[in-house]
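Structure below is entry-v9.cif: mmCIF, C-alpha atoms.
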```cif
data_model
loop_
_atom_site.label_atom_id
_atom_site.label_comp_id
_atom_site.auth_asym_id
_atom_site.auth_seq_id
_atom_site.Cartn_x
_atom_site.Cartn_y
_atom_site.Cartn_z
CA MET R 74 20.80 -57.27 3.67
CA LEU R 75 18.05 -54.70 3.38
CA THR R 76 15.93 -54.86 0.29
CA ARG R 77 15.11 -51.62 -1.52
CA ARG R 78 11.53 -51.85 -0.19
CA VAL R 79 12.70 -52.31 3.40
CA LEU R 80 15.21 -49.47 3.03
CA LEU R 81 12.57 -47.14 1.58
CA SER R 82 10.19 -48.00 4.40
CA ALA R 83 12.90 -47.23 6.92
CA LEU R 84 13.65 -43.87 5.31
CA LEU R 85 9.97 -42.92 5.22
CA ALA R 86 9.56 -43.89 8.86
CA ALA R 87 12.58 -41.80 9.80
CA ALA R 88 11.22 -38.81 7.89
CA ALA R 89 7.85 -39.17 9.59
CA GLY R 90 9.58 -39.35 12.95
CA GLN R 91 11.54 -36.18 12.24
CA ALA R 92 8.37 -34.39 11.18
CA ALA R 93 6.68 -35.47 14.39
CA VAL R 94 9.62 -34.21 16.44
CA ALA R 95 9.57 -30.89 14.56
CA ALA R 96 5.83 -30.50 15.17
CA ALA R 97 6.08 -31.46 18.84
CA PRO R 98 7.37 -28.09 20.15
CA ALA R 99 4.35 -26.19 18.80
CA GLN R 100 1.90 -28.82 20.07
CA THR R 101 3.23 -28.65 23.63
CA TYR R 102 4.49 -25.06 23.74
CA PRO R 103 4.19 -23.31 26.10
CA THR R 104 4.11 -25.37 29.27
CA ARG R 105 5.44 -22.65 31.58
CA THR R 106 5.83 -18.88 31.89
CA VAL R 107 7.13 -17.00 28.84
CA LYS R 108 9.46 -14.09 29.56
CA VAL R 109 9.60 -11.03 27.30
CA ILE R 110 12.69 -8.85 27.80
CA VAL R 111 12.50 -5.12 27.10
CA PRO R 112 15.99 -3.56 26.97
CA TYR R 113 14.76 -0.16 28.18
CA LEU R 114 13.40 1.43 31.35
CA PRO R 115 9.78 0.97 32.50
CA GLY R 116 7.59 3.65 30.99
CA SER R 117 9.32 3.60 27.61
CA THR R 118 7.26 3.06 24.46
CA SER R 119 8.81 -0.40 23.98
CA ASP R 120 7.89 -1.31 27.54
CA ALA R 121 4.29 -0.13 27.16
CA MET R 122 3.94 -1.95 23.84
CA ALA R 123 5.40 -5.16 25.28
CA ARG R 124 2.99 -5.07 28.23
CA LEU R 125 0.04 -4.41 25.95
CA VAL R 126 0.82 -7.46 23.80
CA ALA R 127 1.83 -9.64 26.78
CA ASP R 128 -1.57 -9.08 28.38
CA LYS R 129 -3.23 -10.39 25.21
CA LEU R 130 -0.81 -13.29 24.77
CA THR R 131 -1.36 -14.72 28.24
CA PRO R 132 -4.88 -16.05 27.50
CA ALA R 133 -3.98 -16.90 23.90
CA LEU R 134 -1.04 -19.11 24.93
CA GLY R 135 -2.60 -20.47 28.12
CA GLN R 136 0.48 -19.51 30.17
CA SER R 137 1.65 -16.36 31.91
CA VAL R 138 3.62 -13.93 29.74
CA ILE R 139 5.70 -11.57 31.86
CA VAL R 140 7.77 -8.51 30.92
CA GLU R 141 11.25 -7.94 32.35
CA ASN R 142 13.18 -4.68 31.89
CA ARG R 143 16.94 -4.89 31.27
CA PRO R 144 18.11 -1.42 30.19
CA GLY R 145 21.59 -0.46 29.12
CA GLY R 146 23.88 -0.20 26.13
CA GLY R 147 21.30 1.38 23.85
CA GLY R 148 19.30 -1.86 24.05
CA SER R 149 22.23 -4.25 23.70
CA VAL R 150 22.19 -5.53 27.31
CA GLY R 151 18.71 -7.02 27.02
CA ALA R 152 19.22 -8.05 23.40
CA ASN R 153 22.42 -9.90 24.34
CA ALA R 154 20.50 -11.86 26.97
CA VAL R 155 17.91 -13.02 24.43
CA ALA R 156 20.48 -13.84 21.76
CA ALA R 157 22.24 -16.12 24.25
CA ALA R 158 19.05 -17.70 25.64
CA ASP R 159 17.80 -21.23 24.98
CA ARG R 160 16.07 -21.65 21.62
CA ASP R 161 12.82 -22.83 23.17
CA GLY R 162 10.50 -19.80 22.90
CA TYR R 163 10.53 -18.98 26.62
CA THR R 164 12.83 -15.94 26.39
CA LEU R 165 11.81 -13.29 23.84
CA LEU R 166 12.75 -9.71 23.00
CA VAL R 167 10.66 -6.61 22.29
CA ILE R 168 12.74 -3.80 20.80
CA PRO R 169 12.49 -1.02 18.22
CA VAL R 170 13.67 -2.38 14.89
CA ASP R 171 15.99 0.58 14.30
CA ALA R 172 17.89 -0.18 17.52
CA LEU R 173 18.85 -3.60 16.20
CA THR R 174 19.58 -2.54 12.65
CA THR R 175 22.00 0.17 13.76
CA MET R 176 23.70 -2.37 16.01
CA LEU R 177 24.42 -4.29 12.83
CA ARG R 178 26.65 -1.41 11.73
CA LEU R 179 27.99 0.10 14.93
CA ALA R 180 30.63 -1.31 17.24
CA ASN R 181 29.26 -1.70 20.76
CA LYS R 182 31.35 -3.10 23.57
CA ASN R 183 28.29 -4.91 24.94
CA LEU R 184 27.29 -6.37 21.59
CA SER R 185 28.70 -9.85 21.09
CA TYR R 186 26.55 -11.01 18.20
CA ASP R 187 25.03 -10.08 14.85
CA PRO R 188 21.29 -9.43 15.29
CA ALA R 189 20.59 -10.59 11.74
CA LYS R 190 22.10 -13.98 12.53
CA ASN R 191 21.42 -14.44 16.24
CA LEU R 192 17.85 -13.15 16.51
CA ALA R 193 14.82 -14.37 14.57
CA PRO R 194 11.98 -11.94 13.67
CA VAL R 195 8.70 -13.26 15.08
CA ALA R 196 6.08 -10.52 14.66
CA LEU R 197 6.01 -6.83 13.88
CA PHE R 198 3.75 -4.99 16.35
CA SER R 199 3.32 -1.48 15.00
CA ALA R 200 4.69 1.49 13.09
CA SER R 201 4.43 5.20 13.86
CA PRO R 202 6.26 8.42 13.02
CA PHE R 203 8.93 10.13 15.06
CA VAL R 204 8.06 13.65 16.23
CA ILE R 205 10.61 16.46 16.03
CA THR R 206 9.97 18.29 19.28
CA VAL R 207 11.43 21.38 20.96
CA ASN R 208 11.20 22.99 24.37
CA ALA R 209 8.29 25.44 24.52
CA ALA R 210 10.59 28.35 25.42
CA LEU R 211 12.61 28.07 22.22
CA PRO R 212 11.66 31.05 19.98
CA VAL R 213 10.66 29.01 16.94
CA LYS R 214 7.33 27.85 15.53
CA THR R 215 8.34 25.86 12.45
CA LEU R 216 11.08 23.44 11.47
CA ALA R 217 12.52 26.02 9.08
CA GLU R 218 12.69 28.57 11.90
CA PHE R 219 14.40 26.01 14.12
CA ALA R 220 16.96 25.24 11.44
CA ALA R 221 17.78 28.94 11.03
CA TYR R 222 17.98 29.43 14.82
CA ALA R 223 20.24 26.41 15.32
CA LYS R 224 22.56 27.53 12.53
CA ALA R 225 22.77 31.04 14.02
CA ASN R 226 23.52 29.64 17.51
CA PRO R 227 26.24 26.98 17.09
CA GLY R 228 26.79 24.84 20.18
CA ARG R 229 23.73 26.21 21.98
CA ILE R 230 21.27 23.51 20.93
CA SER R 231 21.42 20.22 22.86
CA TYR R 232 19.43 17.18 21.83
CA GLY R 233 18.96 13.73 23.35
CA SER R 234 18.42 10.15 22.24
CA PRO R 235 18.28 6.69 23.86
CA GLY R 236 21.59 5.66 22.32
CA TYR R 237 24.29 6.44 19.79
CA GLY R 238 23.20 5.33 16.33
CA THR R 239 19.52 4.94 17.18
CA TYR R 240 17.02 6.62 14.88
CA PRO R 241 16.37 9.57 17.25
CA HIS R 242 20.12 10.23 17.19
CA LEU R 243 20.50 9.77 13.43
CA LEU R 244 17.42 11.82 12.55
CA ALA R 245 18.58 14.74 14.75
CA GLU R 246 21.98 14.52 13.08
CA MET R 247 20.32 14.46 9.66
CA LEU R 248 18.42 17.62 10.62
CA GLY R 249 21.63 19.26 11.84
CA VAL R 250 23.44 18.45 8.60
CA ALA R 251 20.52 19.74 6.50
CA ALA R 252 20.41 22.95 8.55
CA GLY R 253 24.18 23.40 8.63
CA ALA R 254 23.95 23.57 12.44
CA GLN R 255 26.34 22.40 15.15
CA MET R 256 24.37 20.73 17.98
CA ILE R 257 25.39 18.92 21.17
CA TYR R 258 24.37 15.28 21.59
CA VAL R 259 23.31 13.95 25.04
CA PRO R 260 22.67 10.17 25.37
CA TYR R 261 19.96 8.77 27.66
CA ARG R 262 19.07 5.32 28.97
CA GLY R 263 15.35 5.69 28.40
CA GLY R 264 12.40 7.89 27.49
CA PRO R 265 11.15 9.31 30.84
CA PRO R 266 14.34 11.18 31.87
CA TRP R 267 14.86 12.21 28.26
CA ILE R 268 11.42 13.87 28.09
CA ALA R 269 11.88 15.36 31.58
CA ASP R 270 15.08 17.16 30.52
CA LEU R 271 13.43 18.56 27.40
CA LEU R 272 10.55 19.86 29.53
CA ALA R 273 13.02 21.42 31.96
CA GLY R 274 14.98 23.12 29.22
CA GLN R 275 18.14 21.05 29.72
CA LEU R 276 17.60 19.98 26.12
CA GLN R 277 16.24 22.19 23.36
CA LEU R 278 15.44 19.50 20.77
CA SER R 279 14.60 15.82 20.61
CA VAL R 280 13.22 13.42 18.03
CA PHE R 281 10.78 11.22 19.93
CA PRO R 282 8.66 8.24 18.99
CA SER R 283 5.03 9.23 19.38
CA ASP R 284 3.68 8.13 22.77
CA PRO R 285 0.89 9.17 25.18
CA GLY R 286 3.13 11.27 27.42
CA LEU R 287 4.67 13.15 24.51
CA VAL R 288 1.33 13.88 22.84
CA GLN R 289 -0.07 15.12 26.15
CA HIS R 290 2.82 17.56 26.60
CA ILE R 291 2.33 18.80 23.04
CA GLU R 292 -1.40 19.28 23.52
CA THR R 293 -0.89 21.25 26.77
CA GLY R 294 1.73 23.48 25.15
CA LYS R 295 4.65 22.33 27.30
CA LEU R 296 6.43 21.13 24.17
CA LYS R 297 6.22 22.17 20.52
CA ALA R 298 5.92 19.59 17.74
CA LEU R 299 7.57 20.95 14.59
CA ALA R 300 7.19 17.97 12.25
CA VAL R 301 6.56 14.24 11.99
CA THR R 302 9.03 12.07 10.09
CA SER R 303 6.48 9.87 8.28
CA GLU R 304 5.61 10.12 4.60
CA ALA R 305 2.07 11.27 5.49
CA ARG R 306 0.71 13.27 8.39
CA SER R 307 -0.12 11.36 11.53
CA PRO R 308 -3.87 11.00 12.18
CA TYR R 309 -3.06 11.55 15.85
CA LEU R 310 -1.21 14.85 15.28
CA PRO R 311 -3.02 16.08 12.14
CA GLY R 312 -1.95 19.70 12.61
CA VAL R 313 1.75 18.84 12.55
CA PRO R 314 3.36 18.88 9.07
CA THR R 315 5.61 16.14 7.74
CA THR R 316 9.32 16.84 7.42
CA ALA R 317 8.88 16.87 3.63
CA GLU R 318 6.15 19.50 3.92
CA ALA R 319 8.43 21.48 6.22
CA GLY R 320 11.24 21.48 3.65
CA PHE R 321 13.37 18.58 4.91
CA PRO R 322 12.45 15.54 2.79
CA GLN R 323 15.71 13.76 3.68
CA VAL R 324 14.67 13.46 7.36
CA VAL R 325 12.17 10.61 6.94
CA ALA R 326 11.75 7.40 8.96
CA ASN R 327 9.15 5.39 10.87
CA TYR R 328 9.36 3.92 14.34
CA SER R 329 8.54 0.22 14.42
CA ILE R 330 8.57 -2.25 17.29
CA GLY R 331 8.58 -6.01 17.09
CA LEU R 332 9.05 -9.34 18.81
CA PHE R 333 12.21 -11.41 18.33
CA ALA R 334 13.31 -14.87 19.47
CA PRO R 335 16.78 -16.42 19.60
CA ALA R 336 17.89 -17.67 16.20
CA SER R 337 17.21 -21.36 15.54
CA THR R 338 14.05 -21.31 17.64
CA PRO R 339 11.83 -23.97 16.01
CA LYS R 340 9.73 -22.55 13.18
CA SER R 341 6.63 -24.15 14.69
CA ILE R 342 7.07 -22.07 17.86
CA ILE R 343 7.75 -18.87 15.92
CA ASP R 344 4.66 -19.44 13.79
CA LYS R 345 2.54 -20.09 16.89
CA LEU R 346 3.78 -16.87 18.52
CA ASN R 347 3.25 -14.92 15.30
CA LEU R 348 -0.34 -16.12 15.04
CA ALA R 349 -1.03 -15.25 18.68
CA VAL R 350 0.46 -11.75 18.27
CA ASN R 351 -1.54 -11.10 15.10
CA GLU R 352 -4.77 -12.16 16.78
CA ALA R 353 -3.93 -9.91 19.73
CA LEU R 354 -3.31 -6.93 17.43
CA LYS R 355 -6.65 -7.48 15.68
CA SER R 356 -8.59 -7.03 18.92
CA ALA R 357 -10.46 -3.76 19.38
CA PRO R 358 -8.87 -3.01 22.81
CA ALA R 359 -5.37 -3.46 21.39
CA GLN R 360 -6.08 -1.23 18.42
CA GLU R 361 -7.54 1.46 20.68
CA SER R 362 -4.45 1.27 22.87
CA LEU R 363 -2.16 1.57 19.86
CA LYS R 364 -3.92 4.79 18.89
CA THR R 365 -2.74 6.40 22.11
CA PHE R 366 0.81 5.88 20.81
CA GLY R 367 -0.01 7.34 17.43
CA ALA R 368 0.74 3.85 16.12
CA GLU R 369 -0.94 1.54 13.65
CA PRO R 370 -0.85 -2.27 13.90
CA ARG R 371 1.30 -4.18 11.42
CA ILE R 372 -0.06 -7.67 10.93
CA GLY R 373 1.98 -10.13 8.88
CA THR R 374 4.09 -13.26 8.78
CA PRO R 375 7.58 -13.76 10.21
CA GLN R 376 8.79 -13.52 6.62
CA ASP R 377 7.09 -10.12 6.24
CA PHE R 378 8.83 -8.97 9.40
CA ALA R 379 12.20 -10.24 8.14
CA ALA R 380 11.75 -8.20 4.94
CA HIS R 381 10.86 -5.11 7.01
CA PHE R 382 13.95 -5.69 9.15
CA ALA R 383 16.16 -5.81 6.03
CA GLY R 384 14.62 -2.58 4.71
CA VAL R 385 15.23 -0.73 7.96
CA ALA R 386 18.81 -2.03 8.04
CA LYS R 387 19.46 -0.49 4.62
CA ALA R 388 17.85 2.81 5.64
CA SER R 389 19.97 2.86 8.79
CA ALA R 390 23.16 2.32 6.82
CA ASP R 391 22.18 5.10 4.40
CA MET R 392 21.53 7.55 7.25
CA MET R 393 24.78 6.70 9.00
CA ALA R 394 26.67 7.31 5.78
CA ALA R 395 24.88 10.65 5.29
CA VAL R 396 25.81 12.01 8.72
CA GLY R 397 29.25 10.45 9.00
CA VAL R 398 28.49 7.95 11.76
CA LYS R 399 30.99 5.17 11.23
CA VAL R 400 31.65 1.70 12.54
CA GLU R 401 34.35 2.11 15.18
#
```

Mind converting the file's structure to structure tokens?
Amino acid sequence: MLTRRVLLSALLAAAAGQAAVAAAPAQTYPTRTVKVIVPYLPGSTSDAMARLVADKLTPALGQSVIVENRPGGGGSVGANAVAAADRDGYTLLVIPVDALTTMLRLANKNLSYDPAKNLAPVALFSASPFVITVNAALPVKTLAEFAAYAKANPGRISYGSPGYGTYPHLLAEMLGVAAGAQMIYVPYRGGPPWIADLLAGQLQLSVFPSDPGLVQHIETGKLKALAVTSEARSPYLPGVPTTAEAGFPQVVANYSIGLFAPASTPKSIIDKLNLAVNEALKSAPAQESLKTFGAEPRIGTPQDFAAHFAGVAKASADMMAAVGVKVE
């Protein structure tokens, strides 16, 4: 029969063994290539951001970090793949936070999981405003003029977004409701064709995340930027007013992108990835690259990212309620 001393020694040894097992993944991870899935087309902001960080993570982790594009379903195809992947840190997801938070509320035939339960926030990369943009031929110069024009021309304004319920969709709907305008929604699978159709005049309006291609088209006069959706003006488009300054304070949101792992991935691996991402974002080359997107780095813990995720989820639910987008 075990004495109390022998039993206590056995329990302490077991606890030490469990701690060693828990620490082991971080000590050995990674031992092979890490795959980062982007659920959008190449050339999208998420894709460019993922490749920027992957390039910095490769030397930091001592293994190759590759990016794989799996577009479709407003981001749900690639997100599904990560949610169902092994919980070992070798399959990760880079996605705009708003895309996941709206999936929490919207029925999607390709969505077989709850992102809040099946995906773990690892690191927030960046935040930037959305830009309310119109085709250069549209006879408006300000957001107020656009609102009046759209109201006077019901059914003649088409706008695009990368998926039903995403922030570009919800923000355009918010603008339409505020203006009392009836607009036509056109969904897209990714940014490049979406921008191309706005340039060609197939669309008259879109709410885009700030990215190098968009800013270039604005600077050359091919597109008009009417407002940014952030609380303060963007340092990268200083001449463009905020939506609040333009008279539409209800149309406010930021575009944030982050790294997720399958839920139940060991905390030691998530912490190691978070540290590597933060160090990558602190580098001068990474910060210069982020500027081309009109984005600022967001350095913090996984817990900070989880709190950000919860805040965006609430904002998404509030916007959906305001424009009448319902869970089907």

Once the PyMOL selection byres ((chain R and resi 160) around 9) has been evaluated on this model, what residues remain selected, and can you format them as a list in words?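 When the PyMOL selection byres ((chain R and resi 160) around 9) is applied, the selected residues are Ala156, Ala157, Ala158, Asp159, Asp161, Gly162, Tyr163, Thr164, Ala334, Pro335, Ala336, Ser337, Thr338 and Pro339 of chain R.
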
Taking 5 positions as the minimum chain separation for residues in the same chain, which residues sit within 6 Å of R:Val109 when counting all atoms listed in the file? Answer as a PyMOL selection string. chain R and resi 140+164-166

Restricting the calculation to all atoms listed in the file, which member of R:His381, R:Lys345, R:Lys224, R:Lys387 is positioned closest to R:Ala133?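 For R:Ala133, the nearest of the candidates is R:Lys345.
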
Hey, what's within 12 Å of R:Ala210 if we count all atoms listed in the file and toss same-chain stuff fewer than 6 positions away? As a list of chain:residue names, please?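 Surrounding residues, per the criterion: R:Leu271, R:Leu272, R:Ala273, R:Gly274, R:Gln275, R:Leu276, R:Gln277, R:Leu278, R:Gly294, R:Lys295, R:Leu296, R:Lys297.
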
Determine, counting all atoms listed in the file, which protein, DNA and RNA residues have an atom within 10 Å of an atom of R:Ala127; residues of the same chain fewer than 3 positions away are not included. Present the result as JSON, numbers by chain. {"R": [107, 108, 109, 121, 122, 123, 124, 130, 131, 132, 133, 137, 138, 139, 140, 350, 353]}

Do you know which residues are at most 9 Å from stretch 249-260 of chain R counting only C-alpha atoms, after dropping those on the same chain fewer than 2 positions away, and could you put them as a ChimeraX atom specification? /R:217,219-237,242,244-247,262,267,276,321,323-324,395-396
